Amino acid sequence: MASKMLLLFLFFVAQEQYKLVKGDTSLIKRTCKNTKYYNLCFSSLKSDPSSPTADSKGLAVIMVGIAMTNATSTSSYLSSKLLSPKTNSTTLKMVLKECADKYSYAGDALQDSVQELSDENYDYAYMHISAAKDYPNACHNAFRRYPDLVYPPDLARREEGLKHICDVAMAIIDNLDW
């Protein structure tokens, strides 16, 4: 009898472990339906191992973390372009430096938003994310000031990605109980 109880117990433990690994996607789906970019939201949140156990605020923090990764990697990408021997134009170096700084500022603003989310200051979190979303515009405008410079397509994709991720994070915050 005790061995049957042990087997039954182990069966239920295994079932619960499967649920944790598989994850409950209902909150993620409901959350993402309220965003402009459902597929981006769903795939991003689903890919994070902590999302199955996160509440709505936790999902917002996960999206902000994804945005920080984008901003940081873009800043690093631009810094590496600055150091490239192929970058010999003084004007291009100046613009790349400005852009690297702007994406770094975006990362800082996103980091600030995580603290504000933690403190449940959702309006300030939203404001920081909005600022982070706007920093790439300053980079794009820096390229526009010099007609002989071409805005790199890879940078345009990264800019669009950061803006969309920020839109998703802000939409999630919009649906939190303020």
# chains A, B, ... in the order shown; residues from 1 in each chain; ligands from 1
$ residues_around --residues "stretch 79-90 of chain A" --least-positions-apart "6" --cutoff "10 Å" --atoms "only C-alpha atoms" --output "number ranges by chain"
A: 73, 96-101, 149
$ closest_residue --among "A:Leu162, A:Asp154, A:Phe42, A:Val61" --to "A:Asp119" --atoms "only C-alpha atoms"
A:Val61
